[in-house]
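Structure record follows, encoded as structure tokens.
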Amino acid sequence: MNPIAQALATKDVLVCVGSGGVGKTTVAATLALRSAVEGKGSLVCTIDPAKRLANALGLEALGNAEMPIPEKAFEAAGLKPKSTMRAMMLDMKRSWDELIEKRSPPDKRDKILNNRFYQAMSTALAGSQEYIAMEKLWELRTQRDYPLIVLDTPPTAHALDFLDAPNRILDFLDNEAAKWLLTPALAAGKVGLKLFSFGSSYVAKTISRFTGTETLQELAGFMLAISGLNEGFKERALQTRALLAAKTTGFVLVTGPMPDRMDEAVYFHTLLKQNHLDVAALVVNRVHQAVPQAQWAAAARLPDPLKQKMEATLQEAEQLAAADARGIERLREQCPGTPLIIVPRFERDVHDLKALWETSQYLFG
Amino acid sequence: MSALAHQRLLIVTGKGGVGKTTVSAALALGSARRGLRTLVCEVNTKERVTTLLGRPEVGPEIGSLEENLWSVDVRPTEALREYALMILKYESIYNAVFGNRLVGYFLRFIPSIQEIVMLGKILFHLREKRPDGSWRFDRIVIDAPATGHAITFLSVPQVVLDTVPPGPLATDATWMRDLLIDPKTTGSVLVSLPEDLPVNETLELHAALTAKIKIATAAVVLNGFIAPRFTDAERAGLPPELAEVARVHELRAHLSAEAETKLRTLPAPLTRVPRIYQAHFARAAIEAIAATLAPLLDGGRP
Ligand SMILES: Nc1ncnc2c1ncn2[C@@H]1O[C@H](COP(=O)(O)OP(=O)(O)OP(=O)(O)O)[C@@H](O)[C@H]1O
Ligand SMILES: Nc1ncnc2c1ncn2[C@@H]1O[C@H](COP(=O)(O)OP(=O)(O)OP(=O)(O)O)[C@@H](O)[C@H]1O
Ligand SMILES: [Mg+2]
Ligand SMILES: [Mg+2]
């Protein structure tokens with residue numbers, strides 16, 4: 001059985017990971033579409049989808065809402081889904097705010113939402129988007145009952161970021177060393193203490209030379225306001241970890257055929273394996289196809305200068321295909337045991353249901 | 001006046017995979033050839049510029065590649081250390097403080113500390129002088145991160161100014177921001193590809209950089225350009241299996257032309273860099289691209 005078809009049959013969470021621009025969002029949407037068409041209802045949680053794909057999925061500025069794909073979009077693509085497909089766009093800032101609104105005691109809520117550290121964390125802190133994607137996954141898994149959830153992931157600069165993000169954020173929110181440093185302020189239960197009453201802390205003083213003293217005070221304020229939430233954060237992070245490692249969760253690792261992308265894919269693959277996560281398949285997307293022999297033969301029969309032009313064109317195609325084939329061979333050697341799936345490079349972007357459906361023909365063999 | 005002859009700092013950015021590193025290497029090589037002492041900076045990534053130029057890797061310390069050309073892979077840990085040492089002066093204090101278990105934490109908690117020290121290192125070198133008073137580097141080329149990360153990276157001085165109250169860090173963030181937004185010093189080079197998504201992203205990136213961060217767009221590079229090859233008459237005479245090949249080629253050429261039209265709406269000159277077909281994309285390709293980009297660099301000095 002095709003490994004992707006098998007994953008679709010046996011998993012209830014699929015996570016698409018890979019380097020920037022390789023086709024994660026495209027593959028995620030394709031998986032959700034195929035699933036719904038075949039009768040397993042699905043939700044795809046996309047992150048920054050290309051605008052035209054978002055439009056095709058009916059996602060104009062709807063942000064975090066889970067929207068069913070309109071009937072007529074399927075009709076236009078000549079598809080009759082047996083079940084419902086829903087799609088959403090993860091809005092990072094809004095998801096963070098919703099999380100705080102839902103989880104924090106009323107008297108702390110505004111203090112947190114207005115704190116500069118919270119604002120930096122929810123919009124700019126590295127790993128923040130990855131963290132909120134994990135939180136969202138947990139919420140969707142535990143509070144809704146989609147037979148299949150497909151999670152898209154943000155384009156991380158480093159493969160490690162995605163897996164490491166929850167730890168980084170948790171550490172940010174609940175760090176033993178920081179607690180020790182900020183203890184006097186935390187114990188006093190109010191912000192506005194002079195930094196130097198932080199007592200013994202030579203370290204605090206030195207750090208304040210970089211940041212100014214107010215920064216540490218404001219941080220103390222943030223830690224204090226958010227401290228009641230930490231247990232919940234930790235609890236859910238553990239559960240999300242367990243969810244990712246569950247038998248019913250699969251990762252689809254997407255890559256492009258260029259050497260640099262492939263190196264990253266190999267690295268990513270190693271990390272996933274080290275973390276005991278199940279890689280359902282490695283998708284090599286946008287692969288250039290080899291030139292069929294018949295085309296060379298036909299070109300040889302052309303008159304000059306058309307012959308030269310055609311042969312130059314075929315030669316170029318051959319170059320690209322040969323380079324891709326070499327890369328794929330190397331990838332196969334370096335990721336033994338993981339099925340490889342090749343998706344050719346299409347002439348145009350994949351931005352409607354019809355094109356997604358065509359993509360699925362390759363993914364599913 | 002050529003578009004990139006006068007700025008000392010060139011920031012090369014664009015969507016992931018469009019050719020930022022390639023164009024950075026070519027611009028740096030071209031600048032060095034014109035007698036400018038040039039430093040090319042990669043930012044916390046796997047070092048590629050040196051390999052592309054056929055040289056051994058240099059790592060996080062500035063290394064010389066050839067006459068007038070230096071390279072460095074700027075990494076957060078090393079950049080933070082350099083920065084801290086500059087302020088703390090003494091290694092022993094650095095070790096006492098930054099060897100502490102808190103460091104790991106503060107690396108994360110001060111918003112954008114990694115970005116600020118990396119950008120800070122690059123801009124520090126931009127201000128650095130030699131004993132005779134001339135610049136240590138006449139030009140610095142940054143192979144900046146891809147779109148979203150680039151915006152985060154380049155906004156970081158402003159973010160720090162908005163987050164961190166007055167103090168040494170805020171003082172540094174101020175001069176850094178001022179250098180970035182000075183169009184006489186700094187220009188961005190937006191790299192794009194002849195495909196819908198990269199082109200649209202280039203237009204958005206231009207808007208974000210100019211309106212939000214106030215970095216001027218100095219040049220646009222349309223990389224991987226494909227020129228038309230077959231006339232309609234030629235195509236009409238082809239057997240079906242080759243007609244398809246010609247159609248695809250002309251479609252790509254058409255996409256290139258379409259991309260060019262869209263990108264020409266930007267208020268900066270556009271240069272086409274043809275798609276190069278070589279088994280190994282290396283020094284020869286960079287030389288060819290540097291030649292294509294030459295008009296951007298000719299006719300002036302910073
Ligand atoms: N096989 C293919 N052939 C041609 N174009 C493709 C193919 N797969 C994806 N694309 C196009 O490539 C572009 C990038 O794809 P996509 O947005 O899915 O990548 P991504 O990995 O999610 O990117 P990011 O890391 O920026 O989120 C899109 O315009 C998409 O339509
Ligand atoms: N003009 C060109 N013709 C053919 N191939 C090219 C051209 N320019 C770049 N490439 C190839 O495209 C790929 C991406 O180029 P490059 O690494 O410079 O992009 P980048 O924007 O720096 O990518 P990243 O976002 O991953 O840093 C490389 O494999 C490179 O060899
Ligand atoms: Mg995406
Ligand atoms: Mg690069």
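In the structure tokens, chains take the letters A, B, ... in the order shown, each chain's residues start at 1, and ligands count up from 1 in the order shown.
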Handout entry: Contact residues around A:Gln295 with only C-alpha atoms at 7 Å, ignoring same-chain residues under 4 positions, as a ChimeraX atom specification
Key = /A:291,299 /B:241-242
Take the residues from that selection and put them in a file with N, CA and C atoms, as a compact mmCIF listing (two decimals), in the first residue's frame.
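Written output follows (part-v3.txt):
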```txt
# COMPACT_ATOMS: atom_id res chain seq x y z
N VAL A 291 14.17 13.60 -19.65
CA VAL A 291 13.69 13.77 -21.03
C VAL A 291 13.49 12.40 -21.66
N ALA A 299 13.88 15.38 -31.98
CA ALA A 299 14.64 16.63 -32.12
C ALA A 299 15.73 16.47 -33.19
N GLU B 241 5.10 15.83 -29.58
CA GLU B 241 5.87 15.65 -28.34
C GLU B 241 6.87 16.78 -28.14
N LEU B 242 7.31 17.41 -29.23
CA LEU B 242 8.23 18.53 -29.08
C LEU B 242 7.48 19.86 -28.97
```
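The protein and nucleic acid residues lying at most 9 Å from B:Glu82 are Thr77, Glu78, Met86, Ile87, Val117 and Lys121 of chain B, with only C-alpha atoms considered and sequence neighbours fewer than 4 positions away removed.
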Once you count only C-alpha atoms and all ligand atoms, what closest atom pair and distance in Å to one decimal does each residue of chain A within 12 Å of ligand 2 have, with rows by chain and rising residue number, as a tab-separated table?
```
residue	atom	partner	partner_atom_place_in_ligand_line	distance
A:Gly18	CA	ligand 2	26 (O)	11.9
A:Ser19	CA	ligand 2	26 (O)	8.2
A:Gly20	CA	ligand 2	25 (O)	7.3
A:Gly21	CA	ligand 2	25 (O)	8.4
A:Val22	CA	ligand 2	26 (O)	10.1
A:Pro155	CA	ligand 2	25 (O)	10.3
A:Thr156	CA	ligand 2	25 (O)	10.9
A:Ala157	CA	ligand 2	26 (O)	8.8
A:His158	CA	ligand 2	26 (O)	10.7
A:Thr255	CA	ligand 2	26 (O)	11.8
A:Gly256	CA	ligand 2	29 (O)	10.1
A:Pro257	CA	ligand 2	29 (O)	9.0
A:Met258	CA	ligand 2	29 (O)	5.3
A:Pro259	CA	ligand 2	29 (O)	6.4
A:Asp260	CA	ligand 2	29 (O)	6.4
A:Arg261	CA	ligand 2	26 (O)	7.3
A:Met262	CA	ligand 2	29 (O)	10.2
A:Asp263	CA	ligand 2	26 (O)	11.1
A:Glu264	CA	ligand 2	26 (O)	9.8
A:Glu316	CA	ligand 2	4 (C)	10.6
A:Gln319	CA	ligand 2	4 (C)	10.8
A:Leu320	CA	ligand 2	4 (C)	9.5
A:Ala323	CA	ligand 2	29 (O)	10.4
A:Asp324	CA	ligand 2	29 (O)	10.8
A:Gly327	CA	ligand 2	29 (O)	11.4
```
So that I have them on file, write out the residues from the current selection with N, CA, C and O atoms, as a compact mmCIF listing (two decimals), in the first residue's frame.
```txt
# COMPACT_ATOMS: atom_id res chain seq x y z
N GLY A 18 9.33 20.64 7.21
CA GLY A 18 10.35 20.78 6.19
C GLY A 18 10.87 22.20 6.12
O GLY A 18 10.37 23.08 6.82
N SER A 19 11.88 22.44 5.27
CA SER A 19 12.47 23.77 5.15
C SER A 19 11.50 24.74 4.48
O SER A 19 10.47 24.34 3.96
N GLY A 20 11.90 26.02 4.47
CA GLY A 20 11.05 27.06 3.90
C GLY A 20 10.78 26.84 2.41
O GLY A 20 11.67 26.47 1.66
N GLY A 21 9.53 27.04 2.02
CA GLY A 21 9.18 27.09 0.61
C GLY A 21 9.16 25.77 -0.15
O GLY A 21 8.97 25.76 -1.35
N VAL A 22 9.31 24.65 0.54
CA VAL A 22 9.41 23.38 -0.18
C VAL A 22 8.05 22.81 -0.59
O VAL A 22 7.98 21.94 -1.46
N PRO A 155 7.76 28.15 8.39
CA PRO A 155 9.07 27.94 7.79
C PRO A 155 10.17 28.27 8.79
O PRO A 155 10.57 29.40 8.93
N THR A 156 10.63 27.28 9.50
CA THR A 156 11.66 27.53 10.51
C THR A 156 13.02 27.69 9.85
O THR A 156 13.32 27.03 8.86
N ALA A 157 13.81 28.57 10.42
CA ALA A 157 15.14 28.78 9.89
C ALA A 157 16.01 27.56 10.18
O ALA A 157 16.90 27.20 9.43
N HIS A 158 15.72 26.92 11.29
CA HIS A 158 16.50 25.75 11.67
C HIS A 158 15.57 24.61 12.02
O HIS A 158 14.59 24.80 12.72
N THR A 255 10.50 18.02 1.16
CA THR A 255 11.75 18.67 0.77
C THR A 255 11.72 18.99 -0.72
O THR A 255 10.84 18.53 -1.45
N GLY A 256 12.64 19.82 -1.15
CA GLY A 256 12.81 20.08 -2.58
C GLY A 256 14.02 19.31 -3.04
O GLY A 256 14.76 18.75 -2.23
N PRO A 257 14.25 19.25 -4.36
CA PRO A 257 15.37 18.44 -4.86
C PRO A 257 16.73 19.13 -4.84
O PRO A 257 17.71 18.51 -5.19
N MET A 258 16.79 20.42 -4.43
CA MET A 258 18.10 21.09 -4.44
C MET A 258 18.98 20.55 -3.31
O MET A 258 18.47 20.20 -2.25
N PRO A 259 20.30 20.52 -3.56
CA PRO A 259 21.21 19.91 -2.59
C PRO A 259 21.07 20.50 -1.18
O PRO A 259 21.03 19.77 -0.19
N ASP A 260 20.94 21.86 -1.08
CA ASP A 260 20.88 22.46 0.26
C ASP A 260 19.61 22.05 0.98
O ASP A 260 19.61 21.76 2.18
N ARG A 261 18.50 21.98 0.25
CA ARG A 261 17.23 21.56 0.86
C ARG A 261 17.30 20.11 1.31
O ARG A 261 16.77 19.72 2.34
N MET A 262 17.97 19.30 0.51
CA MET A 262 18.07 17.88 0.84
C MET A 262 18.91 17.66 2.09
O MET A 262 18.59 16.81 2.91
N ASP A 263 19.99 18.43 2.20
CA ASP A 263 20.82 18.32 3.41
C ASP A 263 19.98 18.61 4.64
O ASP A 263 20.05 17.91 5.65
N GLU A 264 19.16 19.66 4.54
CA GLU A 264 18.30 20.00 5.67
C GLU A 264 17.31 18.89 5.96
O GLU A 264 17.02 18.58 7.11
N GLU A 316 18.92 21.38 -21.33
CA GLU A 316 18.66 22.06 -20.06
C GLU A 316 17.77 21.22 -19.15
O GLU A 316 18.05 21.04 -17.96
N GLN A 319 19.74 18.35 -17.75
CA GLN A 319 20.63 18.82 -16.66
C GLN A 319 19.88 18.84 -15.33
O GLN A 319 20.36 18.34 -14.32
N LEU A 320 18.71 19.48 -15.38
CA LEU A 320 17.93 19.63 -14.15
C LEU A 320 17.49 18.28 -13.63
O LEU A 320 17.59 17.99 -12.43
N ALA A 323 20.47 16.36 -12.15
CA ALA A 323 20.88 16.88 -10.83
C ALA A 323 19.88 16.41 -9.76
O ALA A 323 20.28 15.96 -8.68
N ASP A 324 18.59 16.48 -10.07
CA ASP A 324 17.58 16.03 -9.11
C ASP A 324 17.72 14.54 -8.81
O ASP A 324 17.63 14.11 -7.66
N GLY A 327 20.48 13.85 -6.46
CA GLY A 327 20.09 14.24 -5.10
C GLY A 327 19.17 13.21 -4.46
O GLY A 327 19.34 12.84 -3.30
```
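Proximity to ligand 3 was assessed for A:Lys307, A:Leu151, A:Glu235, A:Arg144 counting only C-alpha atoms and all ligand atoms; the smallest distance is recorded for A:Leu151.
For ligand 4, the neighbouring protein, DNA and RNA residues, which are those within 10 Å when only C-alpha atoms and all ligand atoms are counted, are Asp260 of chain A; Val12, Thr13, Gly14, Lys15, Gly16, Gly17, Val18, Gly19, Lys20, Thr21, Thr22, Val23, Ser24, Glu42, Val43, Thr45, Lys46, Glu47, Arg48, Val49, Asp143, Ala144, Pro145 and Ala146 of chain B.
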Residue subset to file, keeping C-alpha atoms, as a PDB file, in the first residue's frame:
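After the write, selection_33.pdb holds the following:
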```pdb
ATOM      1  CA  ASP A 260      20.881  22.455   0.255  1.00  0.00           C
TER       2      ASP A 260
ATOM      3  CA  VAL B  12      20.236  41.150   0.111  1.00  0.00           C
ATOM      4  CA  THR B  13      16.887  39.579   0.878  1.00  0.00           C
ATOM      5  CA  GLY B  14      13.873  37.847  -0.693  1.00  0.00           C
ATOM      6  CA  LYS B  15      11.789  34.709  -0.388  1.00  0.00           C
ATOM      7  CA  GLY B  16      13.463  31.489   0.712  1.00  0.00           C
ATOM      8  CA  GLY B  17      15.458  29.828  -2.059  1.00  0.00           C
ATOM      9  CA  VAL B  18      15.299  32.655  -4.619  1.00  0.00           C
ATOM     10  CA  GLY B  19      19.065  33.129  -4.814  1.00  0.00           C
ATOM     11  CA  LYS B  20      19.929  35.531  -1.983  1.00  0.00           C
ATOM     12  CA  THR B  21      23.196  33.789  -1.151  1.00  0.00           C
ATOM     13  CA  THR B  22      24.115  33.534  -4.817  1.00  0.00           C
ATOM     14  CA  VAL B  23      23.472  37.235  -5.424  1.00  0.00           C
ATOM     15  CA  SER B  24      25.271  38.204  -2.196  1.00  0.00           C
ATOM     16  CA  GLU B  42      25.934  35.331   6.407  1.00  0.00           C
ATOM     17  CA  VAL B  43      23.535  35.334   9.316  1.00  0.00           C
ATOM     18  CA  THR B  45      22.951  29.760   8.793  1.00  0.00           C
ATOM     19  CA  LYS B  46      24.982  27.009   7.281  1.00  0.00           C
ATOM     20  CA  GLU B  47      27.891  28.828   5.673  1.00  0.00           C
ATOM     21  CA  ARG B  48      27.610  28.747   1.873  1.00  0.00           C
ATOM     22  CA  VAL B  49      29.238  31.854   0.403  1.00  0.00           C
ATOM     23  CA  ASP B 143      23.116  37.758   2.957  1.00  0.00           C
ATOM     24  CA  ALA B 144      20.006  38.411   5.023  1.00  0.00           C
ATOM     25  CA  PRO B 145      17.418  35.849   6.094  1.00  0.00           C
ATOM     26  CA  ALA B 146      14.297  35.185   3.987  1.00  0.00           C
TER      27      ALA B 146
END
```
Collect all residues with atoms no farther than 6 Å from ligand 1, counting only C-alpha atoms and all ligand atoms, and output them as a CSV table (one decimal) with all heavy atoms, in the first residue's frame.
```csv
chain,number,residue,atom,x,y,z
A,20,GLY,N,11.9,26.0,4.5
A,20,GLY,CA,11.1,27.1,3.9
A,20,GLY,C,10.8,26.8,2.4
A,20,GLY,O,11.7,26.5,1.7
A,21,GLY,N,9.5,27.0,2.0
A,21,GLY,CA,9.2,27.1,0.6
A,21,GLY,C,9.2,25.8,-0.1
A,21,GLY,O,9.0,25.8,-1.4
A,22,VAL,N,9.3,24.7,0.5
A,22,VAL,CA,9.4,23.4,-0.2
A,22,VAL,C,8.1,22.8,-0.6
A,22,VAL,O,8.0,21.9,-1.5
A,22,VAL,CB,10.2,22.3,0.6
A,22,VAL,CG1,11.6,22.7,0.8
A,22,VAL,CG2,9.5,22.1,2.0
A,23,GLY,N,7.0,23.3,0.0
A,23,GLY,CA,5.7,22.8,-0.3
A,23,GLY,C,4.9,22.2,0.9
A,23,GLY,O,4.0,21.4,0.7
A,24,LYS,N,5.2,22.6,2.1
A,24,LYS,CA,4.6,22.0,3.3
A,24,LYS,C,3.1,22.3,3.3
A,24,LYS,O,2.2,21.5,3.5
A,24,LYS,CB,5.1,22.7,4.6
A,24,LYS,CG,6.6,22.3,4.8
A,24,LYS,CD,7.1,23.0,6.1
A,24,LYS,CE,7.1,24.5,6.0
A,24,LYS,NZ,8.0,25.0,5.0
A,25,THR,N,2.7,23.6,3.0
A,25,THR,CA,1.3,24.0,3.0
A,25,THR,C,0.6,23.3,1.9
A,25,THR,O,-0.6,22.8,2.1
A,25,THR,CB,1.2,25.5,2.9
A,25,THR,OG1,2.0,26.1,3.9
A,25,THR,CG2,-0.2,26.0,3.0
A,26,THR,N,1.2,23.2,0.7
A,26,THR,CA,0.5,22.5,-0.4
A,26,THR,C,0.3,21.1,0.0
A,26,THR,O,-0.8,20.6,-0.3
A,26,THR,CB,1.5,22.6,-1.6
A,26,THR,OG1,1.8,23.9,-1.9
A,26,THR,CG2,0.8,22.0,-2.9
A,49,PRO,N,-0.6,30.6,4.4
A,49,PRO,CA,-0.8,30.0,3.0
A,49,PRO,C,-0.6,31.1,2.0
A,49,PRO,O,-0.9,32.2,2.3
A,49,PRO,CB,-2.2,29.4,3.0
A,49,PRO,CG,-2.9,30.2,4.0
A,49,PRO,CD,-1.9,30.7,5.1
A,50,ALA,N,-0.2,30.7,0.8
A,50,ALA,CA,-0.2,31.6,-0.3
A,50,ALA,C,-1.6,32.2,-0.5
A,50,ALA,O,-2.6,31.4,-0.3
A,50,ALA,CB,0.3,30.9,-1.6
A,154,PRO,N,5.3,26.4,10.4
A,154,PRO,CA,5.9,27.6,9.9
A,154,PRO,C,7.3,27.3,9.3
A,154,PRO,O,7.9,26.3,9.6
A,154,PRO,CB,6.1,28.5,11.1
A,154,PRO,CG,5.9,27.6,12.3
A,154,PRO,CD,5.2,26.4,11.9
A,155,PRO,N,7.8,28.2,8.4
A,155,PRO,CA,9.1,27.9,7.8
A,155,PRO,C,10.2,28.3,8.8
A,155,PRO,O,10.6,29.4,8.9
A,155,PRO,CB,9.1,28.9,6.6
A,155,PRO,CG,8.1,30.0,6.9
A,155,PRO,CD,7.1,29.4,7.9
A,285,ASN,N,9.4,17.2,-3.5
A,285,ASN,CA,8.5,18.0,-4.3
A,285,ASN,C,9.2,18.8,-5.3
A,285,ASN,O,10.4,19.1,-5.2
A,285,ASN,CB,7.7,18.9,-3.3
A,285,ASN,CG,6.5,19.6,-4.0
A,285,ASN,OD1,6.0,19.1,-5.0
A,285,ASN,ND2,6.1,20.7,-3.5
A,286,ARG,N,8.5,19.0,-6.4
A,286,ARG,CA,9.0,19.9,-7.5
A,286,ARG,C,10.2,19.2,-8.2
A,286,ARG,O,11.2,19.9,-8.5
A,286,ARG,CB,9.4,21.3,-7.1
A,286,ARG,CG,8.3,21.9,-6.2
A,286,ARG,CD,8.7,23.2,-5.8
A,286,ARG,NE,7.9,24.2,-6.4
A,286,ARG,CZ,8.2,25.5,-6.5
A,286,ARG,NH1,9.3,26.0,-5.9
A,286,ARG,NH2,7.4,26.4,-7.0
A,343,VAL,N,7.1,14.0,-6.2
A,343,VAL,CA,6.1,14.8,-6.9
A,343,VAL,C,6.8,15.7,-7.9
A,343,VAL,O,7.7,16.4,-7.6
A,343,VAL,CB,5.3,15.7,-5.9
A,343,VAL,CG1,4.3,16.6,-6.5
A,343,VAL,CG2,4.7,14.9,-4.8
A,344,PRO,N,6.3,15.7,-9.2
A,344,PRO,CA,7.0,16.5,-10.2
A,344,PRO,C,6.8,18.0,-10.0
A,344,PRO,O,5.8,18.4,-9.3
A,344,PRO,CB,6.4,16.0,-11.5
A,344,PRO,CG,5.1,15.5,-11.1
A,344,PRO,CD,5.2,14.9,-9.7
A,345,ARG,N,7.6,18.7,-10.6
A,345,ARG,CA,7.4,20.2,-10.6
A,345,ARG,C,6.3,20.5,-11.7
A,345,ARG,O,6.4,20.1,-12.8
A,345,ARG,CB,8.7,20.8,-11.1
A,345,ARG,CG,8.7,22.3,-11.0
A,345,ARG,CD,9.7,22.9,-11.8
A,345,ARG,NE,9.2,24.2,-12.3
A,345,ARG,CZ,9.8,25.4,-12.0
A,345,ARG,NH1,10.9,25.4,-11.3
A,345,ARG,NH2,9.2,26.5,-12.4
A,346,PHE,N,5.3,21.1,-11.3
A,346,PHE,CA,4.2,21.5,-12.2
A,346,PHE,C,4.6,22.8,-12.9
A,346,PHE,O,5.4,23.6,-12.3
A,346,PHE,CB,2.8,21.6,-11.5
A,346,PHE,CG,2.5,20.4,-10.8
A,346,PHE,CD1,2.2,20.4,-9.4
A,346,PHE,CD2,2.4,19.1,-11.4
A,346,PHE,CE1,1.9,19.3,-8.7
A,346,PHE,CE2,2.1,18.0,-10.7
A,346,PHE,CZ,1.9,18.1,-9.3
A,347,GLU,N,3.9,23.1,-14.0
A,347,GLU,CA,4.2,24.4,-14.7
A,347,GLU,C,3.8,25.6,-13.9
A,347,GLU,O,4.4,26.6,-14.0
A,347,GLU,CB,3.5,24.4,-16.0
A,347,GLU,CG,4.3,23.5,-17.0
A,347,GLU,CD,3.3,23.2,-18.2
A,347,GLU,OE1,2.5,24.0,-18.5
A,347,GLU,OE2,3.4,22.0,-18.6
A,348,ARG,N,2.7,25.4,-13.2
A,348,ARG,CA,2.2,26.6,-12.4
A,348,ARG,C,2.0,26.3,-11.0
A,348,ARG,O,2.0,25.1,-10.6
A,348,ARG,CB,0.8,27.1,-13.0
A,348,ARG,CG,0.9,27.5,-14.5
A,348,ARG,CD,0.1,28.8,-14.7
A,348,ARG,NE,0.9,30.0,-14.5
A,348,ARG,CZ,0.5,31.1,-15.1
A,348,ARG,NH1,-0.6,31.3,-15.8
A,348,ARG,NH2,1.3,32.2,-14.9
A,349,ASP,N,1.9,27.3,-10.1
A,349,ASP,CA,1.7,27.1,-8.7
A,349,ASP,C,0.5,26.2,-8.5
A,349,ASP,O,-0.4,26.2,-9.3
A,349,ASP,CB,1.4,28.5,-8.1
A,349,ASP,CG,2.7,29.3,-7.9
A,349,ASP,OD1,3.7,28.7,-8.2
A,349,ASP,OD2,2.5,30.4,-7.6
A,350,VAL,N,0.4,25.6,-7.3
A,350,VAL,CA,-0.7,24.8,-6.9
A,350,VAL,C,-1.6,25.7,-6.1
A,350,VAL,O,-1.3,25.9,-4.9
A,350,VAL,CB,-0.2,23.6,-6.1
A,350,VAL,CG1,-1.4,22.7,-5.7
A,350,VAL,CG2,0.8,22.8,-6.8
A,351,HIS,N,-2.7,26.2,-6.7
A,351,HIS,CA,-3.4,27.2,-5.9
A,351,HIS,C,-4.9,27.0,-6.0
A,351,HIS,O,-5.7,27.9,-5.6
A,351,HIS,CB,-3.0,28.6,-6.2
A,351,HIS,CG,-3.2,28.9,-7.7
A,351,HIS,ND1,-4.4,29.0,-8.3
A,351,HIS,CD2,-2.2,29.2,-8.6
A,351,HIS,CE1,-4.2,29.3,-9.6
A,351,HIS,NE2,-2.9,29.4,-9.8
B,197,LEU,N,4.5,33.5,-6.7
B,197,LEU,CA,4.6,33.7,-5.2
B,197,LEU,C,5.8,34.5,-4.8
B,197,LEU,O,5.7,35.5,-4.1
B,197,LEU,CB,4.7,32.3,-4.5
B,197,LEU,CG,4.1,32.3,-3.1
B,197,LEU,CD1,2.6,32.5,-3.2
B,197,LEU,CD2,4.4,30.9,-2.5
```
With only C-alpha atoms as the counted atoms, please give the residues lying no more than 7 Å from stretch 198-200 of chain B, apart from itself and same-chain residues fewer than 5 positions off, as a JSON list (two decimals) with N, CA and C atoms, in the first residue's frame.
```json
[["chain", "number", "residue", "atom", "x", "y", "z"],
["B", 15, "LYS", "N", 12.40, 35.95, -0.85],
["B", 15, "LYS", "CA", 11.79, 34.71, -0.39],
["B", 15, "LYS", "C", 12.85, 33.60, -0.26],
["B", 192, "SER", "N", 14.27, 38.05, -6.56],
["B", 192, "SER", "CA", 13.00, 37.40, -6.85],
["B", 192, "SER", "C", 13.20, 36.35, -7.93],
["B", 193, "LEU", "N", 12.18, 35.55, -8.14],
["B", 193, "LEU", "CA", 12.19, 34.53, -9.19],
["B", 193, "LEU", "C", 10.97, 34.74, -10.07],
["B", 259, "ALA", "N", 6.68, 38.46, -14.72],
["B", 259, "ALA", "CA", 7.32, 38.81, -13.44],
["B", 259, "ALA", "C", 8.05, 40.14, -13.59]]
```
